[in-house]
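Read the structure below first, then the notes.
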Amino acid sequence: MNSFSDVLRAQTLVSFSTYYSDCLDLYRDTHRTCHLIQLLKILPTHRIHCSLILPPGAVIHSGETSSQEPDELLPASEHISGGLVCTPHAQPWQAALFYNNDGYCSGALVHPQWVLTAAHCWRPSYTIGLGLQRIYPPYEAGSQMIEANFSVKHPNYDTPWKAYDLMLIKLSKPVVESNTIRTIHIATQSPNSKTRCMVSGWGQLSDGQYPADLQCVYLPVVSEESCRALYRNLYHSSMFCAGGEHQKDTCRADSGGPLVCNGVLQGLVSWGFPPCGQAGFPGIYTNLYLFNEWIRKVTQTR
């Protein structure tokens with residue numbers, strides 16, 4: 001009978017195409033992507049649901065498992081729920097990105113005429129919703145829907161690995177700030193480990209549904225050391241980790257959304273290990289303090 005570690009060693013030798021096939025066959029209903037497949041090859045640990053692909057007869061011996069986690073990766077708790085509906089207009093910088101009337105990403109208003117979001121949210125054109133609590137019409141008083149046809153991705157954006165995952169979208173006209181629409185300042189220093197920050201968006205919930213109202217959740221920043229140890233070659237210095245608590249996470253359609261720490265915009269939702277909300281697997285965010293100069297240059301010259 002094959003032991004757990006024997007099976008894992010064998011699995012790491014399987015070709016990329018085999019992993020791709022397994023991903024489609026086993027996980028097609030959970031929207032796993034090739035990013036997961038690459039992670040499986042790079043991180044052959046039993047915490048990546050390897051039990052789902054063990055052959056018949058494989059066993060896990062007691063000495064071959066580990067409950068060790070990096071210090072900042074919090075353990076699971078069945079009593080922790082996901083996010084809650086945000087207090088209306090408590091995130092007045094929140095932007096919703098629509099393409100062909102479909103809300104698919106979020107962003108943050110960082111200038112009266114510029115929205116900052118993830119580079120992987122690029123589309124040829126956008127409708128930007130500002131001052132929204134509900135993602136579906138009819139939209140509430142104080143909200144605006146503004147067209148945009150010009151966007152600038154960071155020049156170093158790396159498509160497969162999502163390094164430098166940020167983009168600026170120029171609105172067709174500047175907005176007038178109000179109680180429901182307001183810009184937010186970008187952080188000028190790296191986030192401190194264990195700081196609890198708020199992230200918001202209209203992305204997929206733990207039950208697979210999509211909310212009508214903006215959702216908010218507090219997540220702890222994870223140290224760079226722990227994040228790098230967990231994600232290894234997938235981690236890049238333009239990123240940082242936050243989360244890792246059971247069922248508290250961002251998910252599909254939250255991309256580009258703002259992570260706010262101590263009142264400033266610290267990060268943008270970039271990517272995460274599916275399925276969303278796994279204990280010990282924090283989400284990955286673009287570390288915005290590194291890009292203040294680039295953001296300033298684009299917003300002032302384009």
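Identifiers in the structure tokens: chain A, B, ... in order shown; residue index from 1 per chain; ligand index from 1 in order shown.
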### Task
Mind the document's chain letters and residue numbers, and return as a ChimeraX atom specification the residues of region 116-234 of chain A that DSSP labels strand (DSSP E).
/A:116-117,126-130,144-148,150-153,167-170,196-201,215-222
Please identify every residue of region 93-164 of chain A that has at least one atom no farther than 12 Å from an atom of region 283-296 of chain A, counting only C-alpha atoms, and for each give the shortest atom pair and the distance in Å to one decimal, arranged by chain then increasing number, as JSON lines.
{"residue": "A:Ala108", "atom": "CA", "partner": "A:Leu288", "partner_atom": "CA", "distance": 11.8}
{"residue": "A:Val110", "atom": "CA", "partner": "A:Ile295", "partner_atom": "CA", "distance": 9.1}
{"residue": "A:His111", "atom": "CA", "partner": "A:Arg296", "partner_atom": "CA", "distance": 9.5}
{"residue": "A:Trp114", "atom": "CA", "partner": "A:Ile295", "partner_atom": "CA", "distance": 9.7}
{"residue": "A:Val115", "atom": "CA", "partner": "A:Ile295", "partner_atom": "CA", "distance": 10.4}
{"residue": "A:Leu116", "atom": "CA", "partner": "A:Ile295", "partner_atom": "CA", "distance": 8.7}
{"residue": "A:Thr117", "atom": "CA", "partner": "A:Thr286", "partner_atom": "CA", "distance": 9.7}
{"residue": "A:Ala118", "atom": "CA", "partner": "A:Thr286", "partner_atom": "CA", "distance": 8.0}
{"residue": "A:Ala119", "atom": "CA", "partner": "A:Thr286", "partner_atom": "CA", "distance": 10.1}
{"residue": "A:His120", "atom": "CA", "partner": "A:Thr286", "partner_atom": "CA", "distance": 11.6}
{"residue": "A:Val152", "atom": "CA", "partner": "A:Ile295", "partner_atom": "CA", "distance": 9.9}
{"residue": "A:Lys153", "atom": "CA", "partner": "A:Ile295", "partner_atom": "CA", "distance": 10.5}
{"residue": "A:His154", "atom": "CA", "partner": "A:Trp294", "partner_atom": "CA", "distance": 8.2}
{"residue": "A:Pro155", "atom": "CA", "partner": "A:Trp294", "partner_atom": "CA", "distance": 9.9}
{"residue": "A:Asn156", "atom": "CA", "partner": "A:Trp294", "partner_atom": "CA", "distance": 11.4}
{"residue": "A:Tyr157", "atom": "CA", "partner": "A:Thr286", "partner_atom": "CA", "distance": 11.1}
{"residue": "A:Trp161", "atom": "CA", "partner": "A:Ile284", "partner_atom": "CA", "distance": 11.2}
{"residue": "A:Lys162", "atom": "CA", "partner": "A:Thr286", "partner_atom": "CA", "distance": 8.9}
{"residue": "A:Ala163", "atom": "CA", "partner": "A:Thr286", "partner_atom": "CA", "distance": 7.9}
{"residue": "A:Tyr164", "atom": "CA", "partner": "A:Thr286", "partner_atom": "CA", "distance": 6.9}
Hey, what does DSSP flag as helix (DSSP H, G or I) within region 176-249 of chain A? Can you give it to me as a PDB file with N, CA and C atoms, in the first residue's frame?
ATOM      1  N   GLU A 224       5.636  39.040   5.724  1.00  0.00           N
ATOM      2  CA  GLU A 224       6.230  38.674   4.435  1.00  0.00           C
ATOM      3  C   GLU A 224       6.928  37.327   4.529  1.00  0.00           C
ATOM      4  N   GLU A 225       7.579  37.064   5.638  1.00  0.00           N
ATOM      5  CA  GLU A 225       8.279  35.796   5.815  1.00  0.00           C
ATOM      6  C   GLU A 225       7.320  34.621   5.705  1.00  0.00           C
ATOM      7  N   SER A 226       6.183  34.713   6.372  1.00  0.00           N
ATOM      8  CA  SER A 226       5.210  33.621   6.335  1.00  0.00           C
ATOM      9  C   SER A 226       4.577  33.492   4.955  1.00  0.00           C
ATOM     10  N   CYS A 227       4.284  34.629   4.340  1.00  0.00           N
ATOM     11  CA  CYS A 227       3.669  34.614   3.014  1.00  0.00           C
ATOM     12  C   CYS A 227       4.616  34.001   1.987  1.00  0.00           C
ATOM     13  N   ARG A 228       5.870  34.405   2.041  1.00  0.00           N
ATOM     14  CA  ARG A 228       6.855  33.871   1.097  1.00  0.00           C
ATOM     15  C   ARG A 228       7.080  32.373   1.325  1.00  0.00           C
ATOM     16  N   ALA A 229       7.089  31.954   2.589  1.00  0.00           N
ATOM     17  CA  ALA A 229       7.287  30.532   2.885  1.00  0.00           C
ATOM     18  C   ALA A 229       6.125  29.695   2.367  1.00  0.00           C
ATOM     19  N   LEU A 230       4.916  30.242   2.405  1.00  0.00           N
ATOM     20  CA  LEU A 230       3.734  29.509   1.968  1.00  0.00           C
ATOM     21  C   LEU A 230       3.640  29.426   0.449  1.00  0.00           C
ATOM     22  N   TYR A 231       3.827  30.546  -0.225  1.00  0.00           N
ATOM     23  CA  TYR A 231       3.587  30.597  -1.674  1.00  0.00           C
ATOM     24  C   TYR A 231       4.849  30.459  -2.514  1.00  0.00           C
ATOM     25  N   ARG A 232       6.008  30.538  -1.885  1.00  0.00           N
ATOM     26  CA  ARG A 232       7.292  30.278  -2.543  1.00  0.00           C
ATOM     27  C   ARG A 232       7.437  31.023  -3.863  1.00  0.00           C
ATOM     28  N   ASN A 233       7.584  30.301  -4.968  1.00  0.00           N
ATOM     29  CA  ASN A 233       7.865  30.952  -6.245  1.00  0.00           C
ATOM     30  C   ASN A 233       6.712  31.788  -6.781  1.00  0.00           C
ATOM     31  N   LEU A 234       5.531  31.609  -6.235  1.00  0.00           N
ATOM     32  CA  LEU A 234       4.397  32.422  -6.668  1.00  0.00           C
ATOM     33  C   LEU A 234       4.416  33.809  -6.039  1.00  0.00           C
TER      34      LEU A 234
END
### Query
Which is closer to Asn179 (chain A) than all the others in A:Ser143, A:Thr127, A:Thr159, A:Gln204, using only C-alpha atoms?
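The closest residue to Asn179 (chain A) is A:Ser143.
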### Query
Do you know which residues are at most 9 Å from region 88-102 of chain A counting only C-alpha atoms, after dropping those on the same chain fewer than 5 positions away, and could you put them as an MDAnalysis selection string?
chainID A and resid 107:110 115:117 121 123:133 135 178:184 200:202 213:214 257:258
### Query
Which residue, A:Gln113, A:Val85, A:Ala253, A:Pro137, has the smallest gap to Val176 (chain A) when you use only C-alpha atoms?
A:Gln113
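Comparing the minimum interatomic distances between Cys197 (chain A) and each of A:Gln209, A:Ser151, A:Ser237, A:Asn262, counting only C-alpha atoms, we find that A:Asn262 sits nearest.
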